[in-house]
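Have a look at start14.pdb below; it lists PDB, C-alpha atoms and all ligand atoms.
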```
ATOM      1  CA  MET A 739       4.485 -33.367  -0.145
ATOM      2  CA  PRO A 740       5.771 -30.113   1.395
ATOM      3  CA  PRO A 741       7.940 -28.128  -0.983
ATOM      4  CA  THR A 742      11.695 -28.643  -0.582
ATOM      5  CA  PRO A 743      13.117 -25.588   1.184
ATOM      6  CA  ALA A 744      15.149 -23.423  -1.131
ATOM      7  CA  THR A 745      18.935 -23.633  -0.712
ATOM      8  CA  PRO A 746      20.120 -20.315   0.683
ATOM      9  CA  ARG A 747      21.630 -18.082  -1.933
ATOM     10  CA  ASN A 748      25.154 -16.823  -1.572
ATOM     11  CA  LYS A 749      24.857 -13.096  -1.057
ATOM     12  CA  MET A 750      28.621 -12.704  -1.248
ATOM     13  CA  GLU A 751      31.452 -14.981  -2.239
ATOM     14  CA  SER A 752      35.213 -14.599  -2.347
ATOM     15  CA  ARG A 753      37.091 -16.564  -4.940
ATOM     16  CA  ASP A 754      40.834 -17.234  -4.602
ATOM     17  CA  LEU A 755      41.197 -13.972  -2.741
ATOM     18  CA  THR A 756      44.750 -13.080  -1.734
ATOM     19  CA  LEU A 757      45.461  -9.813   0.025
ATOM     20  CA  ARG A 758      48.889  -8.367   0.711
ATOM     21  CA  TYR A 759      50.066  -5.367   2.669
ATOM     22  CA  GLY A 760      53.051  -4.437   0.527
ATOM     23  CA  SER A 761      54.712  -7.824   0.027
ATOM     24  CA  LYS A 762      53.322  -9.350   3.236
ATOM     25  CA  VAL A 763      50.557 -11.848   2.521
ATOM     26  CA  ALA A 764      47.666 -11.394   4.987
ATOM     27  CA  ILE A 765      45.170 -13.816   3.387
ATOM     28  CA  LYS A 766      45.932 -16.498   0.820
ATOM     29  CA  GLN A 767      43.553 -17.723  -1.879
ATOM     30  CA  VAL A 768      40.464 -17.605   0.280
ATOM     31  CA  SER A 769      37.288 -18.922  -1.343
ATOM     32  CA  LEU A 770      34.371 -18.453   1.003
ATOM     33  CA  ALA A 771      30.635 -18.067   0.501
ATOM     34  CA  ILE A 772      28.515 -15.795   2.705
ATOM     35  CA  PRO A 773      24.928 -17.097   2.446
ATOM     36  CA  GLU A 774      22.033 -14.674   2.443
ATOM     37  CA  HIS A 775      20.135 -14.112   5.713
ATOM     38  CA  LYS A 776      22.635 -16.135   7.668
ATOM     39  CA  VAL A 777      25.278 -15.162  10.189
ATOM     40  CA  THR A 778      28.773 -16.273   9.168
ATOM     41  CA  ALA A 779      31.369 -16.130  11.964
ATOM     42  CA  LEU A 780      35.061 -15.732  11.159
ATOM     43  CA  ILE A 781      37.251 -17.217  13.881
ATOM     44  CA  GLY A 782      40.949 -17.929  14.328
ATOM     45  CA  PRO A 783      43.983 -16.816  16.319
ATOM     46  CA  SER A 784      45.211 -13.251  16.344
ATOM     47  CA  GLY A 785      46.786 -12.145  13.070
ATOM     48  CA  CYS A 786      45.271 -14.955  10.971
ATOM     49  CA  GLY A 787      43.557 -12.511   8.612
ATOM     50  CA  LYS A 788      39.948 -12.365   9.855
ATOM     51  CA  SER A 789      39.677  -8.576   9.833
ATOM     52  CA  THR A 790      41.525  -8.345   6.541
ATOM     53  CA  PHE A 791      39.042 -10.749   4.987
ATOM     54  CA  LEU A 792      36.095  -8.849   6.470
ATOM     55  CA  ARG A 793      37.408  -5.515   5.177
ATOM     56  CA  SER A 794      37.883  -7.063   1.739
ATOM     57  CA  LEU A 795      34.134  -7.564   1.481
ATOM     58  CA  ASN A 796      33.447  -3.845   1.084
ATOM     59  CA  ARG A 797      36.878  -2.832  -0.147
ATOM     60  CA  MET A 798      37.826  -1.024   3.048
ATOM     61  CA  ASN A 799      41.367  -2.338   2.487
ATOM     62  CA  ASP A 800      41.563   0.013  -0.514
ATOM     63  CA  LEU A 801      41.998   2.769   2.065
ATOM     64  CA  ILE A 802      45.213   1.197   3.405
ATOM     65  CA  ALA A 803      48.335   2.344   1.548
ATOM     66  CA  GLY A 804      50.171  -0.593  -0.035
ATOM     67  CA  ALA A 805      47.272  -3.049   0.225
ATOM     68  CA  ASN A 806      46.770  -5.035  -2.974
ATOM     69  CA  HIS A 807      44.769  -8.079  -3.936
ATOM     70  CA  GLU A 808      44.390 -10.952  -6.386
ATOM     71  CA  GLY A 809      41.202 -12.887  -6.951
ATOM     72  CA  THR A 810      37.836 -11.296  -6.376
ATOM     73  CA  VAL A 811      34.690 -11.001  -4.310
ATOM     74  CA  PHE A 812      31.186 -11.236  -5.698
ATOM     75  CA  LEU A 813      28.129  -9.425  -4.396
ATOM     76  CA  ASP A 814      24.921 -10.811  -5.887
ATOM     77  CA  GLY A 815      27.106 -12.493  -8.507
ATOM     78  CA  ARG A 816      28.876  -9.335  -9.625
ATOM     79  CA  SER A 817      32.547  -8.675  -8.906
ATOM     80  CA  ILE A 818      33.061  -5.835  -6.445
ATOM     81  CA  HIS A 819      36.303  -5.095  -8.289
ATOM     82  CA  ASP A 820      34.485  -4.413 -11.534
ATOM     83  CA  ARG A 821      35.798  -1.105 -12.835
ATOM     84  CA  THR A 822      32.316   0.257 -13.377
ATOM     85  CA  LEU A 823      31.259  -0.455  -9.779
ATOM     86  CA  ASP A 824      30.695   2.571  -7.543
ATOM     87  CA  VAL A 825      32.654   1.952  -4.313
ATOM     88  CA  VAL A 826      30.513   4.424  -2.344
ATOM     89  CA  ASP A 827      27.420   2.453  -3.322
ATOM     90  CA  LEU A 828      29.223  -0.817  -2.457
ATOM     91  CA  ARG A 829      29.921   0.490   1.055
ATOM     92  CA  ARG A 830      26.296   1.578   1.400
ATOM     93  CA  ARG A 831      25.144  -1.928   0.450
ATOM     94  CA  VAL A 832      27.800  -3.634   2.582
ATOM     95  CA  GLY A 833      27.923  -1.680   5.854
ATOM     96  CA  MET A 834      30.370  -2.055   8.692
ATOM     97  CA  VAL A 835      30.361  -1.938  12.490
ATOM     98  CA  PHE A 836      33.701  -1.785  14.283
ATOM     99  CA  GLN A 837      35.095  -3.194  17.499
ATOM    100  CA  LYS A 838      35.133   0.098  19.288
ATOM    101  CA  SER A 839      31.944   2.082  18.966
ATOM    102  CA  ASN A 840      32.761   5.320  17.210
ATOM    103  CA  PRO A 841      29.824   7.718  17.504
ATOM    104  CA  PHE A 842      30.353  11.218  16.183
ATOM    105  CA  PRO A 843      30.382  14.015  18.804
ATOM    106  CA  LYS A 844      26.870  14.961  17.717
ATOM    107  CA  SER A 845      23.351  14.273  18.930
ATOM    108  CA  ILE A 846      21.875  10.792  18.878
ATOM    109  CA  PHE A 847      19.566  11.873  16.050
ATOM    110  CA  GLU A 848      22.370  13.365  13.957
ATOM    111  CA  ASN A 849      24.529  10.276  14.328
ATOM    112  CA  VAL A 850      21.860   8.165  12.669
ATOM    113  CA  ALA A 851      20.815  10.850  10.165
ATOM    114  CA  TYR A 852      24.409  11.470   9.072
ATOM    115  CA  GLY A 853      24.625   8.992   6.190
ATOM    116  CA  LEU A 854      21.166   9.992   4.997
ATOM    117  CA  ARG A 855      22.102  13.678   4.889
ATOM    118  CA  VAL A 856      25.330  12.842   3.047
ATOM    119  CA  GLY A 857      23.167  10.870   0.615
ATOM    120  CA  GLY A 858      21.095  14.027  -0.011
ATOM    121  CA  LEU A 859      17.954  13.361   2.052
ATOM    122  CA  LYS A 860      16.698  16.741   3.278
ATOM    123  CA  ASP A 861      12.996  16.191   3.991
ATOM    124  CA  LYS A 862      12.634  16.506   7.778
ATOM    125  CA  ALA A 863       9.717  14.095   8.150
ATOM    126  CA  LYS A 864      11.425  11.456   6.018
ATOM    127  CA  LEU A 865      14.667  11.874   7.959
ATOM    128  CA  ALA A 866      12.840  11.504  11.277
ATOM    129  CA  ALA A 867      11.037   8.385  10.050
ATOM    130  CA  ARG A 868      14.272   6.763   8.844
ATOM    131  CA  VAL A 869      16.080   7.619  12.095
ATOM    132  CA  GLU A 870      13.255   6.071  14.127
ATOM    133  CA  LYS A 871      13.170   2.958  11.944
ATOM    134  CA  SER A 872      16.950   2.518  12.252
ATOM    135  CA  LEU A 873      16.936   3.007  16.017
ATOM    136  CA  ARG A 874      14.101   0.489  16.319
ATOM    137  CA  GLY A 875      16.047  -1.898  14.086
ATOM    138  CA  ALA A 876      19.016  -1.598  16.416
ATOM    139  CA  ALA A 877      16.794  -2.186  19.499
ATOM    140  CA  LEU A 878      17.653   1.251  20.881
ATOM    141  CA  TRP A 879      14.563   3.350  20.187
ATOM    142  CA  ASP A 880      12.818   2.834  23.543
ATOM    143  CA  GLU A 881      15.957   3.832  25.424
ATOM    144  CA  VAL A 882      16.637   7.038  23.489
ATOM    145  CA  LYS A 883      13.348   8.274  22.022
ATOM    146  CA  ASP A 884      13.046  11.042  24.656
ATOM    147  CA  ARG A 885      16.642  12.245  24.308
ATOM    148  CA  LEU A 886      17.323  12.277  20.578
ATOM    149  CA  ASP A 887      18.849  15.757  20.800
ATOM    150  CA  GLU A 888      21.321  14.803  23.508
ATOM    151  CA  SER A 889      24.935  13.971  22.734
ATOM    152  CA  ALA A 890      25.608  10.392  21.649
ATOM    153  CA  LEU A 891      28.690  10.487  23.855
ATOM    154  CA  GLY A 892      26.424  10.396  26.928
ATOM    155  CA  LEU A 893      25.202   6.891  26.070
ATOM    156  CA  SER A 894      26.636   3.758  27.696
ATOM    157  CA  GLY A 895      29.169   1.673  25.748
ATOM    158  CA  GLY A 896      26.539  -0.889  24.771
ATOM    159  CA  GLN A 897      24.095   1.842  23.706
ATOM    160  CA  GLN A 898      26.834   3.548  21.679
ATOM    161  CA  GLN A 899      27.517   0.291  19.868
ATOM    162  CA  ARG A 900      23.804  -0.157  19.090
ATOM    163  CA  LEU A 901      23.776   3.474  17.910
ATOM    164  CA  CYS A 902      26.591   2.619  15.489
ATOM    165  CA  ILE A 903      24.519  -0.330  14.307
ATOM    166  CA  ALA A 904      21.548   2.049  13.815
ATOM    167  CA  ARG A 905      23.819   4.393  11.855
ATOM    168  CA  ALA A 906      24.859   1.495   9.637
ATOM    169  CA  LEU A 907      21.219   0.424   9.159
ATOM    170  CA  ALA A 908      20.030   3.945   8.254
ATOM    171  CA  VAL A 909      21.396   3.758   4.721
ATOM    172  CA  GLU A 910      19.564   0.460   4.178
ATOM    173  CA  PRO A 911      22.450  -1.930   3.618
ATOM    174  CA  GLU A 912      22.033  -5.521   2.492
ATOM    175  CA  VAL A 913      25.074  -6.940   4.263
ATOM    176  CA  LEU A 914      26.451  -6.024   7.689
ATOM    177  CA  LEU A 915      30.105  -6.663   8.500
ATOM    178  CA  MET A 916      30.840  -6.685  12.226
ATOM    179  CA  ASP A 917      34.405  -6.689  13.513
ATOM    180  CA  GLU A 918      34.291  -7.913  17.106
ATOM    181  CA  PRO A 919      31.271  -5.724  17.845
ATOM    182  CA  ALA A 920      30.929  -6.808  21.475
ATOM    183  CA  SER A 921      34.524  -7.281  22.578
ATOM    184  CA  ALA A 922      34.599  -4.003  24.508
ATOM    185  CA  LEU A 923      31.240  -4.586  26.214
ATOM    186  CA  ASP A 924      30.133  -6.112  29.511
ATOM    187  CA  PRO A 925      28.167  -9.415  29.493
ATOM    188  CA  ILE A 926      24.727  -7.737  29.598
ATOM    189  CA  ALA A 927      25.477  -5.359  26.730
ATOM    190  CA  THR A 928      27.061  -8.273  24.846
ATOM    191  CA  ALA A 929      23.922 -10.364  25.279
ATOM    192  CA  LYS A 930      21.853  -7.493  23.828
ATOM    193  CA  ILE A 931      24.101  -7.256  20.777
ATOM    194  CA  GLU A 932      23.935 -11.020  20.268
ATOM    195  CA  GLU A 933      20.136 -10.972  20.531
ATOM    196  CA  LEU A 934      20.082  -8.108  18.055
ATOM    197  CA  ILE A 935      22.298 -10.005  15.586
ATOM    198  CA  HIS A 936      19.827 -12.851  15.765
ATOM    199  CA  GLU A 937      16.971 -10.474  14.855
ATOM    200  CA  LEU A 938      18.914  -8.632  12.144
ATOM    201  CA  LYS A 939      19.603 -11.706  10.062
ATOM    202  CA  ALA A 940      15.955 -11.867   8.991
ATOM    203  CA  THR A 941      16.596  -8.673   7.020
ATOM    204  CA  TYR A 942      20.354  -8.600   6.451
ATOM    205  CA  THR A 943      23.221 -10.951   5.685
ATOM    206  CA  ILE A 944      25.830 -10.823   8.417
ATOM    207  CA  ALA A 945      29.531 -11.640   8.665
ATOM    208  CA  ILE A 946      31.091 -11.268  12.097
ATOM    209  CA  VAL A 947      34.661 -11.525  13.350
ATOM    210  CA  THR A 948      34.867 -12.762  16.898
ATOM    211  CA  HIS A 949      37.590 -13.929  19.261
ATOM    212  CA  ASN A 950      34.979 -15.422  21.486
ATOM    213  CA  MET A 951      34.167 -18.968  20.456
ATOM    214  CA  GLN A 952      31.103 -19.183  22.673
ATOM    215  CA  GLN A 953      29.833 -16.115  20.906
ATOM    216  CA  ALA A 954      30.450 -17.657  17.485
ATOM    217  CA  ALA A 955      28.599 -20.765  18.645
ATOM    218  CA  ARG A 956      25.679 -18.696  19.956
ATOM    219  CA  VAL A 957      25.152 -16.255  17.106
ATOM    220  CA  SER A 958      26.278 -17.871  13.881
ATOM    221  CA  ASP A 959      24.819 -20.338  11.422
ATOM    222  CA  ARG A 960      28.141 -20.965   9.734
ATOM    223  CA  THR A 961      31.688 -20.670  11.009
ATOM    224  CA  ALA A 962      34.859 -20.167   8.999
ATOM    225  CA  PHE A 963      38.160 -20.995  10.717
ATOM    226  CA  PHE A 964      41.205 -19.037   9.532
ATOM    227  CA  TYR A 965      44.794 -19.912  10.351
ATOM    228  CA  MET A 966      47.880 -18.011   9.183
ATOM    229  CA  GLY A 967      46.023 -16.325   6.364
ATOM    230  CA  GLU A 968      44.361 -19.472   5.072
ATOM    231  CA  LEU A 969      40.769 -20.551   5.327
ATOM    232  CA  VAL A 970      41.140 -23.969   6.944
ATOM    233  CA  GLU A 971      37.478 -24.932   6.838
ATOM    234  CA  CYS A 972      33.986 -23.532   6.849
ATOM    235  CA  GLY A 973      30.728 -25.268   7.633
ATOM    236  CA  PRO A 974      27.608 -25.252   9.788
ATOM    237  CA  THR A 975      28.625 -23.854  13.188
ATOM    238  CA  GLU A 976      27.480 -26.899  15.106
ATOM    239  CA  ARG A 977      29.625 -29.182  12.970
ATOM    240  CA  ILE A 978      32.704 -26.958  13.190
ATOM    241  CA  PHE A 979      32.465 -27.047  16.990
ATOM    242  CA  THR A 980      31.511 -30.690  17.450
ATOM    243  CA  ASN A 981      32.973 -32.512  14.475
ATOM    244  CA  PRO A 982      35.575 -30.443  12.628
ATOM    245  CA  GLN A 983      37.200 -32.091   9.659
ATOM    246  CA  GLU A 984      40.631 -30.576  10.134
ATOM    247  CA  LYS A 985      42.965 -31.219  13.040
ATOM    248  CA  ARG A 986      43.932 -27.516  13.212
ATOM    249  CA  THR A 987      40.276 -26.552  13.635
ATOM    250  CA  GLU A 988      39.796 -29.136  16.360
ATOM    251  CA  ASP A 989      42.884 -27.928  18.218
ATOM    252  CA  TYR A 990      41.671 -24.354  18.027
ATOM    253  CA  VAL A 991      38.036 -24.917  19.033
ATOM    254  CA  THR A 992      39.104 -27.164  21.919
ATOM    255  CA  GLY A 993      41.425 -24.430  23.171
ATOM    256  CA  LYS A 994      44.751 -26.183  22.471
ATOM    257  CA  PHE A 995      46.070 -22.934  21.026
ATOM    258  CA  GLY A 996      44.701 -19.520  20.506
TER     259      GLY A 996
HETATM  260  N1  LIG B1001      47.343  -2.024   7.813
HETATM  261  C1  LIG B1001      48.182  -3.069   7.832
HETATM  262  N2  LIG B1001      49.445  -2.945   7.358
HETATM  263  C2  LIG B1001      50.307  -3.974   7.374
HETATM  264  N3  LIG B1001      50.016  -5.201   7.852
HETATM  265  C3  LIG B1001      48.778  -5.391   8.331
HETATM  266  C4  LIG B1001      47.805  -4.337   8.363
HETATM  267  N4  LIG B1001      46.656  -4.821   8.923
HETATM  268  C5  LIG B1001      46.918  -6.123   9.222
HETATM  269  N5  LIG B1001      48.177  -6.459   8.877
HETATM  270  C6  LIG B1001      48.810  -7.777   9.039
HETATM  271  O1  LIG B1001      48.057  -8.735   8.306
HETATM  272  C7  LIG B1001      47.920  -9.933   9.051
HETATM  273  C8  LIG B1001      46.437 -10.228   9.273
HETATM  274  O2  LIG B1001      45.922  -9.225  10.152
HETATM  275  P1  LIG B1001      44.392  -9.125  10.531
HETATM  276  O3  LIG B1001      44.217  -7.903  11.367
HETATM  277  O4  LIG B1001      43.550  -9.279   9.330
HETATM  278  O5  LIG B1001      44.232 -10.436  11.432
HETATM  279  P2  LIG B1001      43.120 -10.796  12.514
HETATM  280  O6  LIG B1001      42.947 -12.273  12.430
HETATM  281  O7  LIG B1001      41.914  -9.961  12.320
HETATM  282  O8  LIG B1001      43.851 -10.407  13.852
HETATM  283  P3  LIG B1001      43.225  -9.936  15.256
HETATM  284  O9  LIG B1001      42.349 -11.052  15.698
HETATM  285  O10 LIG B1001      44.445  -9.778  16.127
HETATM  286  O11 LIG B1001      42.499  -8.654  15.022
HETATM  287  C9  LIG B1001      48.698  -9.762  10.345
HETATM  288  O12 LIG B1001      49.978 -10.312  10.172
HETATM  289  C10 LIG B1001      48.784  -8.251  10.482
HETATM  290  O13 LIG B1001      49.950  -7.875  11.172
END
```
Write the structure described by the file as structure tokens, please.
Amino acid sequence: MPPTPATPRNKMESRDLTLRYGSKVAIKQVSLAIPEHKVTALIGPSGCGKSTFLRSLNRMNDLIAGANHEGTVFLDGRSIHDRTLDVVDLRRRVGMVFQKSNPFPKSIFENVAYGLRVGGLKDKAKLAARVEKSLRGAALWDEVKDRLDESALGLSGGQQQRLCIARALAVEPEVLLMDEPASALDPIATAKIEELIHELKATYTIAIVTHNMQQAARVSDRTAFFYMGELVECGPTERIFTNPQEKRTEDYVTGKFG
């Protein structure tokens, strides 16, 4: 008999996570698992807490004055709120790509090398090898290998976004958080990012916020539907789109509100 395939491990997991901005509750008691080497899409109408949840996974909300939380998030079974945890190391392990690509006004090479230099890597050959590996990982190498010294600002929007993905990959994260990474891109650049996400999940665990339900259906293995700060349901993407258990999910995925 063939061996039973192993159940995917939860790389991250939130448990009863509530996050407030001052006294305003943005997410309420969210318990959600992010399985390893899968793409988990977070969907829901504007303001329902998707980005807040995503930012909670690497404690980016800590940077917002007045933000406070209850409950916790586990990474490989350890609470990311543990007082002995190094937040800089957490953000290296759980990297982030934003909606609007935000390259530094530096060369293509330096954009990718930045995090490595900050981390203390000085050896030129090692830096060059890591930059190449990251650009290859972000499916950008062939397009930029002859212009690494040129400004990153001269790249197209889609290339800039893949450069930001390369920059995130350079520090060898384990999880990638993507907040609407393709919403500012044209359909061709979007298709490239989606194809890339599909390739990246072999190596990384991915959580992605998207407004685009077709995109969630195309790229994700699991989909979590948020509504007014609550996690309404989460399950295999195909089931969420074809046979949701909750009426609110059905209304949302069939476009009755949004
Ligand atoms: N820095 C902040 N300070 C105060 N309130 C905030 C802050 N960021 C978000 N909020 C509020 O928290 C709630 C959740 O916002 P969040 O951005 O997480 O939702 P979202 O689902 O990602 O929305 P969108 O799809 O529009 O980006 C909203 O009511 C929002 O106004």
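Look at stretch 914-921 of chain A: the protein and nucleic acid residues within 7 Å of it, using all atoms listed in the file and passing over chain neighbours fewer than 4 places away, are Ser789, Leu792, Val832, Gly833, Met834, Val835, Phe836, Gln837, Thr928, Ile931, Tyr942, Thr943, Ile944, Ala945, Ile946, Val947 and Thr948 of chain A.
One finds atom CA of A:Glu751 at 23.2 Å from atom CA of A:Met951.
Evaluating the PyMOL selection byres (((chain A and resi 777) around 10) and not hetatm) against the shown model yields Ile772, Pro773, Glu774, His775, Lys776, Thr778, Ala779, Leu780, Leu914, Leu915, Ile935, His936, Leu938, Lys939, Ala940, Tyr942, Thr943, Ile944, Ala945, Ile946, Ala954, Val957, Ser958, Asp959, Arg960, Thr961 and Thr975 of chain A.
With only C-alpha atoms as the basis for measurement, A:Gly896 is the residue among A:Arg986, A:Asp861, A:Gly896, A:Ser761 that approaches A:Ile926 most closely.
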Handout entry: Close residues to ligand LIG 1001 (chain B) using all atoms listed in the file, limit 9 Å, as a PyMOL selection string
Key = chain A and resi 757-760+762-765+780-793+799+802-805+917-918+947-949+964-967
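For the set A:Leu934, A:Ala906, A:Ala866, A:Val991, the residue with the smallest atom-to-atom gap to A:Ile978 is A:Val991, counting only C-alpha atoms.
Among the candidates A:Glu910, A:Arg905, A:Gln897, A:Lys844, the residue lying nearest to A:Asp924 is A:Gln897 (atoms considered: only C-alpha atoms).
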Handout entry: Who sits within 12 Å of stretch 888-891 of chain A, all atoms listed in the file, same chain under 4 positions skipped, as a PyMOL selection string
Key = chain A and resi 839-850+882-884+895-902+905
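Here atom CA of A:Lys930 stands at a distance of 25.6 Å from atom CA of A:Gly973.
Using all atoms listed in the file for every distance, the candidate list A:Ala955, A:Val913, A:Leu865, A:Gly996 yields A:Ala955 as the residue closest to A:Thr980.
Our summary of the geometry notes that atom CA of A:Ala929 is positioned 19.7 Å from atom CA of A:Thr941.
Residue nearest A:Leu893, chosen from A:Asn950, A:Leu878, A:Asn981, A:Val856 and counting all atoms listed in the file: A:Leu878.
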Problem - Nearest to A:Leu907, chosen from A:Gly858, A:Pro925, A:Gly892, A:Gly853, with only C-alpha atoms counted in the distances - result: A:Gly853
Handout entry: the PyMOL selection byres (((chain A and resi 811) around 12) and not hetatm) applied to the shown file, residues as a VMD selection string
Key = chain A and resid 748 to 757 767 to 772 791 to 797 807 to 810 812 to 820 828
Provide an axis-aligned box for all listed atoms of stretch 845-855 of chain A, padding each side by 3 Å; report its centre and its edge lengths in Å to one decimal, as lines of an AutoDock Vina configuration file.
```
center_x = 22.1
center_y = 11.2
center_z = 11.9
size_x = 11.1
size_y = 12.1
size_z = 20.0
```
What's around A:Arg868 at 9 Å? Count all atoms listed in the file, leave out sequence neighbours fewer than 2 positions away in its own chain, and write the answer as an mmCIF file with C-alpha atoms, keeping the file's coordinate frame.
```
data_model
loop_
_atom_site.group_PDB
_atom_site.id
_atom_site.type_symbol
_atom_site.label_atom_id
_atom_site.label_comp_id
_atom_site.auth_asym_id
_atom_site.auth_seq_id
_atom_site.Cartn_x
_atom_site.Cartn_y
_atom_site.Cartn_z
ATOM 1 C CA VAL A 850 21.860 8.165 12.669
ATOM 2 C CA ALA A 851 20.815 10.850 10.165
ATOM 3 C CA LEU A 854 21.166 9.992 4.997
ATOM 4 C CA ALA A 863 9.717 14.095 8.150
ATOM 5 C CA LYS A 864 11.425 11.456 6.018
ATOM 6 C CA LEU A 865 14.667 11.874 7.959
ATOM 7 C CA ALA A 866 12.840 11.504 11.277
ATOM 8 C CA GLU A 870 13.255 6.071 14.127
ATOM 9 C CA LYS A 871 13.170 2.958 11.944
ATOM 10 C CA SER A 872 16.950 2.518 12.252
ATOM 11 C CA LEU A 873 16.936 3.007 16.017
ATOM 12 C CA ALA A 908 20.030 3.945 8.254
ATOM 13 C CA VAL A 909 21.396 3.758 4.721
#
```
